[in-house]
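**Student:** After the structure tokens below, expect a handful of questions from me.
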Amino acid sequence: MGNYYLTTPIYYVNDLPHIGHIYTTVVTDTVARYLRLGGNQVRFLTGTDEHGQKIERAAAEKGVTPLALADRVVSRYHELWDEYGISHDDFIRTTEERHRAGVERIITRLEAAGDLYQDRHEGWYCAACETYYTEKELQPGHHCPVHETEAEWRSEENVYFRLSRYQQPLLDWYAAHPEFVRPLSRFNEVRSFVEGGLNDLSVSRASLSWGIPFPGHDGQTVYVWLDALSNYITALGFGSERDELYRVFWEPQGAQRIHLIGKDILRFHAVFWPAFLMSAGLPLPTTVWAHGWWLRDNRKISKSVGNLVRPDALVASFGADPLRYFLLREMVFGQDAQFSDESFIDRYNSDLANDLGNTVSRLVNLSRSSFDGHSPPEACGSNPLISVAEEALGRYHEAMRELAFHRALASLWELLAAANQYLVAREPWKLVKSAGATAAVSRILWNGLEASRLVATALLPFLPRTAPRILAALGLLEPPASFETLTWGGMPLGVELPEPSALFPRIDKEKYLSGEAVQPPPPAPPAEEKKMISIDKFFETQLRVATVTAAEKHPNADRLLKLTVSLGEGGSRTLVAGIAQQYEPEALVGKQVIVVANLEPATLRGVVSEGMVLAASVDGKPVLLHPERPVPDGTPVK
Ligand code: MSP
């Protein structure tokens, strides 16, 4: 048991979150929940990185102030983390006063150490990374190695940090701390980068107003990475009078300070950040864990590449837990993995609906029907499942310590498989029929239920909403607050088992992939209970008249049409609409329709849809809406 401080990167607010941001945050949440259940003191931080050129430009493009853009994106992050059951203790924004004060304090220390000086800087700059690259690091045509977009040549007077001074201290630190960067392959990359020599680092920008003014250097703004990395300690109150958290979670020798990040930002965390901390005379993180990328068609999923996956539809239908499961089961932490709806559905159906959901519901149903709505009255003494469970849980804990989530989950599924084999070999359903609810039936079912209880308990960090539901189905209405119950023998005898509800209803893969809803939407509340919204909220939706200029069948889905529409001065857009079974594409060309013009783009079966066409829904079938007479394209609908 100990003190753990876990952090995600703080995310840029130039755009809405996508699967990559979700992944790191879900991973960190799973670790935080696991450690808390193990009785540790845990502090979990996430937040947003709101300064810098990238944000300034994105806000200008959208015609809003950077802070207004940040506010909008931050509220989406809050909603999303709620939806995903993220249990962070704090959410820091770099535009907060508590952060600015802390950054100034750190810079004062760098200055006092003699590590800052002013000089001219020239080089190739990627605004998406907010970093300079050498010619050697760039791809042909001066393209950024991460974003594949063209870097720009910059020349300006900046404040420099004497990073070169820290080459040897960093190498010595790495040698003395073999856990500093995980996995090991990434540590080797970092080490060889530092061995290759370190240039001093420009830590201010002259041509940027959206940032923290650089203390002691008029006209300069703090470089966004120095600003951002500092969040890990400013959020704990470093530099302020209220620094109790800093003293508990960062300062003590034995505190575990763990940064979870993607491999794209490893250099910042494993080279620059420790060098800043060394210069400031502050403790270093204990471990930087870098995971791989979610890819689509072998390219990193990112806003700049333009191949985003935002799994809103999946989460709206199935809740976030199945996606959490998929992300943690499918990716080997540290390596890259491909994201696709197909593989999500396959995993869901086989692992969650079949192995987990069916096993639990079969056992609960049989127990209820045999023991008058109750769990079995008699437990089982020695039996082969006990050692299987102990070994599986041993492997689970071992894997969790290594952040090998896929292995931790695989070992729980081995226990499920063993429980199933055990049941199939003994066929309690037949015994009930032939001899009634005997003590032998009770013992067999109890064993199966006990194995399910252990699996559900060990799944609490992974499935924060459904694992408690599984436990409730087993008669344990209060989920445990610690892993003390994660040992064989806790399944209660003779307690009432509630009527089970479907835990993971099977998904019809074909239907889902063809764009059809696969689960009925939740019933609408009665009219008087319907949630009212303000007029302002309504006007957040931009409705516009548009003319269909082209229409064709979607290449990969029978129910979808791909439309091109003109919004007049608002330009032309591609929309994907689920109307193929009611409308022939040719008949739509020239027609005016109403579209939602400010909807986030979504990729539907491989085609990006930049809005939505409005239709009345008659028994679930669309009937398109048209203006009563022709009006100019782009006309607002109010
Ligand atoms: N603001 C910086 C981080 C500052 S931390 C002091 C930043 N922000 S970001 O919004 O671009 O988020 C980057 C992080 O998002 C990655 O490190 C990773 O955690 C996650 N991901 C973004 N795209 C990803 C994938 N395609 N796959 C997996 N995770 C990736 O960088």
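Here's how to read the names in the structure tokens: chain A, B, ... by the order shown, residue numbers from 1 in each chain, ligand numbers from 1 in the order shown.
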Mind checking which residues fall within 10 Å of region 154-158 of chain A, counting only C-alpha atoms, ignoring those fewer than 3 positions away in the same chain, and posting them as a compact mmCIF listing (two decimals) with C-alpha atoms, in the first residue's frame?

**Tutor:**
# COMPACT_ATOMS: atom_id res chain seq x y z
CA TYR A 117 19.24 32.96 -21.43
CA GLN A 118 17.91 34.91 -24.43
CA ASP A 119 18.98 34.18 -28.03
CA ARG A 120 17.74 34.01 -31.63
CA HIS A 121 16.10 30.78 -32.73
CA GLU A 122 15.56 29.39 -36.22
CA GLY A 123 14.15 26.11 -37.34
CA TRP A 124 11.31 23.99 -38.71
CA TYR A 125 8.21 24.22 -36.53
CA CYS A 126 5.15 21.94 -36.42
CA TYR A 132 10.80 22.42 -33.64
CA ALA A 151 6.36 22.21 -40.94
CA PHE A 161 16.72 26.63 -21.36
CA LEU A 201 15.60 24.34 -25.80
CA SER A 202 13.68 27.45 -26.67
CA VAL A 203 11.10 27.88 -23.90
CA SER A 204 9.35 31.07 -24.96
CA ARG A 205 7.58 32.38 -28.04
CA ALA A 206 7.75 35.98 -29.21
CA SER A 207 4.98 35.85 -31.79
CA HIS A 217 11.32 38.66 -20.29
CA GLY A 219 7.27 40.43 -24.97
CA GLN A 220 7.85 36.68 -24.51
CA THR A 221 5.21 34.08 -23.76
CA VAL A 222 5.93 30.80 -21.97
CA TYR A 223 6.43 27.94 -24.44

**Student:** Could I get the residue neighbourhood of ligand 1 at 6 Å, counting only C-alpha atoms and all ligand atoms, as a ChimeraX atom specification?

**Tutor:** /A:9-12,20-21,24,49,228-229,261-262,264-265,292-295,300-302

**Student:** Using CA of Asp372 (chain A) and CA of Ala437 (chain A) as the two end points, give the distance in Å to one decimal.

**Tutor:**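 CA of Ala437 (chain A) lies at a distance of 9.9 Å from CA of Asp372 (chain A).
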
**Student:** Give the helix (DSSP H, G or I) residues of region 526-634 of chain A, as assigned by DSSP on the backbone, as number ranges by chain.

**Tutor:** A: 527-529, 535-539, 568-570, 585-588

**Student:** For region 577-592 of chain A, list every protein, DNA or RNA residue within 7 Å, evaluated using only C-alpha atoms, and leave out those in the same chain fewer than 6 positions away; present the list as a compact mmCIF listing (two decimals) with all heavy atoms, in the first residue's frame.

**Tutor:**
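Saved as around-v3.txt:
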# COMPACT_ATOMS: atom_id res chain seq x y z
N VAL A 545 -31.17 25.67 -44.79
CA VAL A 545 -31.73 25.07 -46.00
C VAL A 545 -30.57 24.76 -46.95
O VAL A 545 -29.64 25.56 -47.07
CB VAL A 545 -32.72 26.05 -46.66
CG1 VAL A 545 -33.23 25.47 -47.98
CG2 VAL A 545 -33.88 26.33 -45.70
N ALA A 546 -30.64 23.61 -47.61
CA ALA A 546 -29.58 23.24 -48.56
C ALA A 546 -30.22 22.51 -49.75
O ALA A 546 -31.25 21.87 -49.59
CB ALA A 546 -28.58 22.32 -47.87
N THR A 547 -29.57 22.63 -50.91
CA THR A 547 -30.07 21.89 -52.08
C THR A 547 -29.18 20.67 -52.32
O THR A 547 -27.94 20.78 -52.26
CB THR A 547 -30.05 22.80 -53.33
OG1 THR A 547 -30.94 23.88 -53.08
CG2 THR A 547 -30.51 22.03 -54.57
N VAL A 548 -29.82 19.54 -52.58
CA VAL A 548 -29.06 18.33 -52.89
C VAL A 548 -28.52 18.48 -54.31
O VAL A 548 -29.30 18.65 -55.26
CB VAL A 548 -29.97 17.08 -52.80
CG1 VAL A 548 -29.18 15.82 -53.14
CG2 VAL A 548 -30.61 16.99 -51.42
N THR A 549 -27.19 18.45 -54.44
CA THR A 549 -26.62 18.61 -55.79
C THR A 549 -26.20 17.27 -56.38
O THR A 549 -26.04 17.13 -57.58
CB THR A 549 -25.41 19.55 -55.75
OG1 THR A 549 -24.51 19.07 -54.74
CG2 THR A 549 -25.82 20.97 -55.42
N ALA A 550 -25.99 16.28 -55.53
CA ALA A 550 -25.66 14.93 -56.03
C ALA A 550 -26.07 13.92 -54.98
O ALA A 550 -26.10 14.26 -53.79
CB ALA A 550 -24.16 14.82 -56.29
N ALA A 551 -26.42 12.73 -55.43
CA ALA A 551 -26.81 11.69 -54.47
C ALA A 551 -26.45 10.34 -55.06
O ALA A 551 -26.59 10.12 -56.26
CB ALA A 551 -28.32 11.76 -54.21
N GLU A 552 -25.93 9.46 -54.22
CA GLU A 552 -25.61 8.11 -54.69
C GLU A 552 -25.75 7.13 -53.54
O GLU A 552 -25.82 7.53 -52.37
CB GLU A 552 -24.18 8.06 -55.23
CG GLU A 552 -23.14 8.45 -54.20
CD GLU A 552 -21.74 8.52 -54.78
OE1 GLU A 552 -21.14 7.46 -54.95
OE2 GLU A 552 -21.27 9.65 -55.04
N LYS A 553 -25.81 5.86 -53.89
CA LYS A 553 -25.89 4.84 -52.85
C LYS A 553 -24.55 4.81 -52.12
O LYS A 553 -23.50 5.00 -52.73
CB LYS A 553 -26.18 3.47 -53.48
CG LYS A 553 -27.59 3.37 -54.01
CD LYS A 553 -28.02 1.91 -54.02
CE LYS A 553 -29.39 1.67 -54.60
NZ LYS A 553 -30.50 2.28 -53.92
N ASP A 558 -26.35 -0.70 -47.31
CA ASP A 558 -27.60 -0.68 -48.07
C ASP A 558 -28.59 0.39 -47.62
O ASP A 558 -29.43 0.82 -48.38
CB ASP A 558 -28.31 -2.03 -47.91
CG ASP A 558 -27.49 -3.13 -48.52
OD1 ASP A 558 -26.56 -2.78 -49.27
OD2 ASP A 558 -27.76 -4.32 -48.24
N ARG A 559 -28.51 0.74 -46.36
CA ARG A 559 -29.53 1.65 -45.84
C ARG A 559 -29.13 3.12 -45.97
O ARG A 559 -29.89 4.01 -45.61
CB ARG A 559 -29.81 1.36 -44.35
CG ARG A 559 -30.08 -0.10 -44.08
CD ARG A 559 -30.32 -0.34 -42.61
NE ARG A 559 -31.59 0.25 -42.20
CZ ARG A 559 -32.76 -0.37 -42.30
NH1 ARG A 559 -32.82 -1.58 -42.78
NH2 ARG A 559 -33.86 0.22 -41.91
N LEU A 560 -27.92 3.34 -46.43
CA LEU A 560 -27.40 4.72 -46.41
C LEU A 560 -27.26 5.30 -47.82
O LEU A 560 -26.94 4.59 -48.77
CB LEU A 560 -26.03 4.76 -45.73
CG LEU A 560 -25.97 4.22 -44.29
CD1 LEU A 560 -24.54 4.28 -43.76
CD2 LEU A 560 -26.90 5.01 -43.38
N LEU A 561 -27.51 6.62 -47.91
CA LEU A 561 -27.21 7.34 -49.14
C LEU A 561 -26.13 8.36 -48.84
O LEU A 561 -26.05 8.88 -47.72
CB LEU A 561 -28.44 8.12 -49.63
CG LEU A 561 -29.60 7.34 -50.23
CD1 LEU A 561 -30.62 8.32 -50.81
CD2 LEU A 561 -29.13 6.38 -51.32
N LYS A 562 -25.33 8.63 -49.88
CA LYS A 562 -24.32 9.68 -49.73
C LYS A 562 -24.81 10.88 -50.53
O LYS A 562 -25.01 10.76 -51.74
CB LYS A 562 -22.99 9.14 -50.28
CG LYS A 562 -21.86 10.09 -50.17
CD LYS A 562 -20.59 9.42 -50.67
CE LYS A 562 -19.61 10.49 -51.09
NZ LYS A 562 -18.55 9.97 -51.92
N MET A 612 -26.36 16.54 -40.93
CA MET A 612 -27.46 15.59 -40.86
C MET A 612 -28.66 16.20 -41.57
O MET A 612 -28.90 17.40 -41.47
CB MET A 612 -27.77 15.38 -39.38
CG MET A 612 -28.78 14.36 -39.08
SD MET A 612 -28.76 14.16 -37.27
CE MET A 612 -30.42 14.63 -36.94
N VAL A 613 -29.39 15.35 -42.29
CA VAL A 613 -30.60 15.82 -42.97
C VAL A 613 -31.78 15.56 -42.04
O VAL A 613 -31.87 14.48 -41.44
CB VAL A 613 -30.82 15.01 -44.26
CG1 VAL A 613 -32.04 15.52 -45.01
CG2 VAL A 613 -29.60 15.07 -45.13
N PRO A 622 -37.92 7.35 -42.23
CA PRO A 622 -37.75 8.79 -42.45
C PRO A 622 -38.65 9.36 -43.55
O PRO A 622 -38.84 8.73 -44.59
CB PRO A 622 -36.28 8.90 -42.86
CG PRO A 622 -35.95 7.57 -43.44
CD PRO A 622 -36.81 6.56 -42.77
N HIS A 626 -39.01 19.56 -46.26
CA HIS A 626 -38.60 20.54 -47.28
C HIS A 626 -39.17 21.89 -46.91
O HIS A 626 -40.26 21.96 -46.32
CB HIS A 626 -39.16 20.16 -48.65
CG HIS A 626 -38.83 18.76 -49.05
ND1 HIS A 626 -37.57 18.36 -49.38
CD2 HIS A 626 -39.61 17.65 -49.17
CE1 HIS A 626 -37.58 17.07 -49.68
NE2 HIS A 626 -38.81 16.61 -49.55
N PRO A 627 -38.51 23.03 -47.33
CA PRO A 627 -39.16 24.33 -47.13
C PRO A 627 -40.44 24.39 -47.99
O PRO A 627 -40.52 23.75 -49.05
CB PRO A 627 -38.12 25.34 -47.60
CG PRO A 627 -37.06 24.56 -48.28
CD PRO A 627 -37.20 23.12 -47.95

**Student:** For Met400 (chain A), which of A:Leu35, A:Val13, A:Ser230, A:Glu79 is the closest residue, counting only C-alpha atoms?

**Tutor:**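 Ranking A:Leu35, A:Val13, A:Ser230, A:Glu79 by distance to Met400 (chain A), first place goes to A:Leu35.
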
**Student:** One number please: CA of Leu599 (chain A) to CA of Gln53 (chain A), in Å, one decimal.

**Tutor:**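 That distance, rounded to one decimal, is 24.9 Å.
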
**Student:** Nearest to Ala458 (chain A) among A:Ser609, A:Ser434, A:Gln335, A:Ser411, with distances taken over only C-alpha atoms: which residue is it?

**Tutor:**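 Looking only at the distances to Ala458 (chain A), the closest residue turns out to be A:Ser411.
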
**Student:** Please report, as a VMD selection string, each residue of region 315-510 of chain A to which DSSP assigns strand (DSSP E or B) when run on this structure's backbone.

**Tutor:** chain A and resid 337 to 338 374 496

**Student:** Would you mind exporting N, CA, C and O atoms of the selected residues as a compact mmCIF listing (two decimals), in the first residue's frame?

**Tutor:**
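Result file is again.txt:
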# COMPACT_ATOMS: atom_id res chain seq x y z
N ALA A 337 -2.48 -0.52 -32.04
CA ALA A 337 -3.58 -1.44 -32.34
C ALA A 337 -4.52 -0.75 -33.32
O ALA A 337 -4.57 0.48 -33.40
N GLN A 338 -5.26 -1.57 -34.06
CA GLN A 338 -6.21 -1.03 -35.04
C GLN A 338 -7.59 -0.91 -34.42
O GLN A 338 -8.02 -1.81 -33.70
N HIS A 374 -33.66 -17.78 -4.80
CA HIS A 374 -32.50 -17.50 -3.94
C HIS A 374 -31.21 -18.10 -4.49
O HIS A 374 -31.23 -18.95 -5.36
N GLU A 496 -31.70 -13.58 -1.56
CA GLU A 496 -32.61 -13.40 -2.68
C GLU A 496 -31.84 -12.92 -3.90
O GLU A 496 -30.99 -12.03 -3.80

**Student:** Here is a test: counting only C-alpha atoms, which residue of A:Thr234, A:Asn3, A:Ser566, A:Thr95 is nearest to Gly254 (chain A)?

**Tutor:**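 Of the candidates, the smallest distance to Gly254 (chain A) is held by A:Asn3.
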
**Student:** Using only C-alpha atoms for the distances, tell me which of A:Ala68, A:Leu80, A:Leu260, A:Ala410 is nearest to Phe44 (chain A).

**Tutor:** A:Leu260

**Student:** Just the number, please: distance in Å from CA of Tyr246 (chain A) to CA of Leu226 (chain A), one decimal.

**Tutor:**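 Distance reported for this atom pair: 18.6 Å.
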
**Student:** Could you tell me which of A:Pro311, A:Pro636, A:Gly216, A:Pro283 comes closest to Phe249 (chain A) if we count only C-alpha atoms?

**Tutor:**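 Ranking A:Pro311, A:Pro636, A:Gly216, A:Pro283 by distance to Phe249 (chain A), first place goes to A:Pro283.
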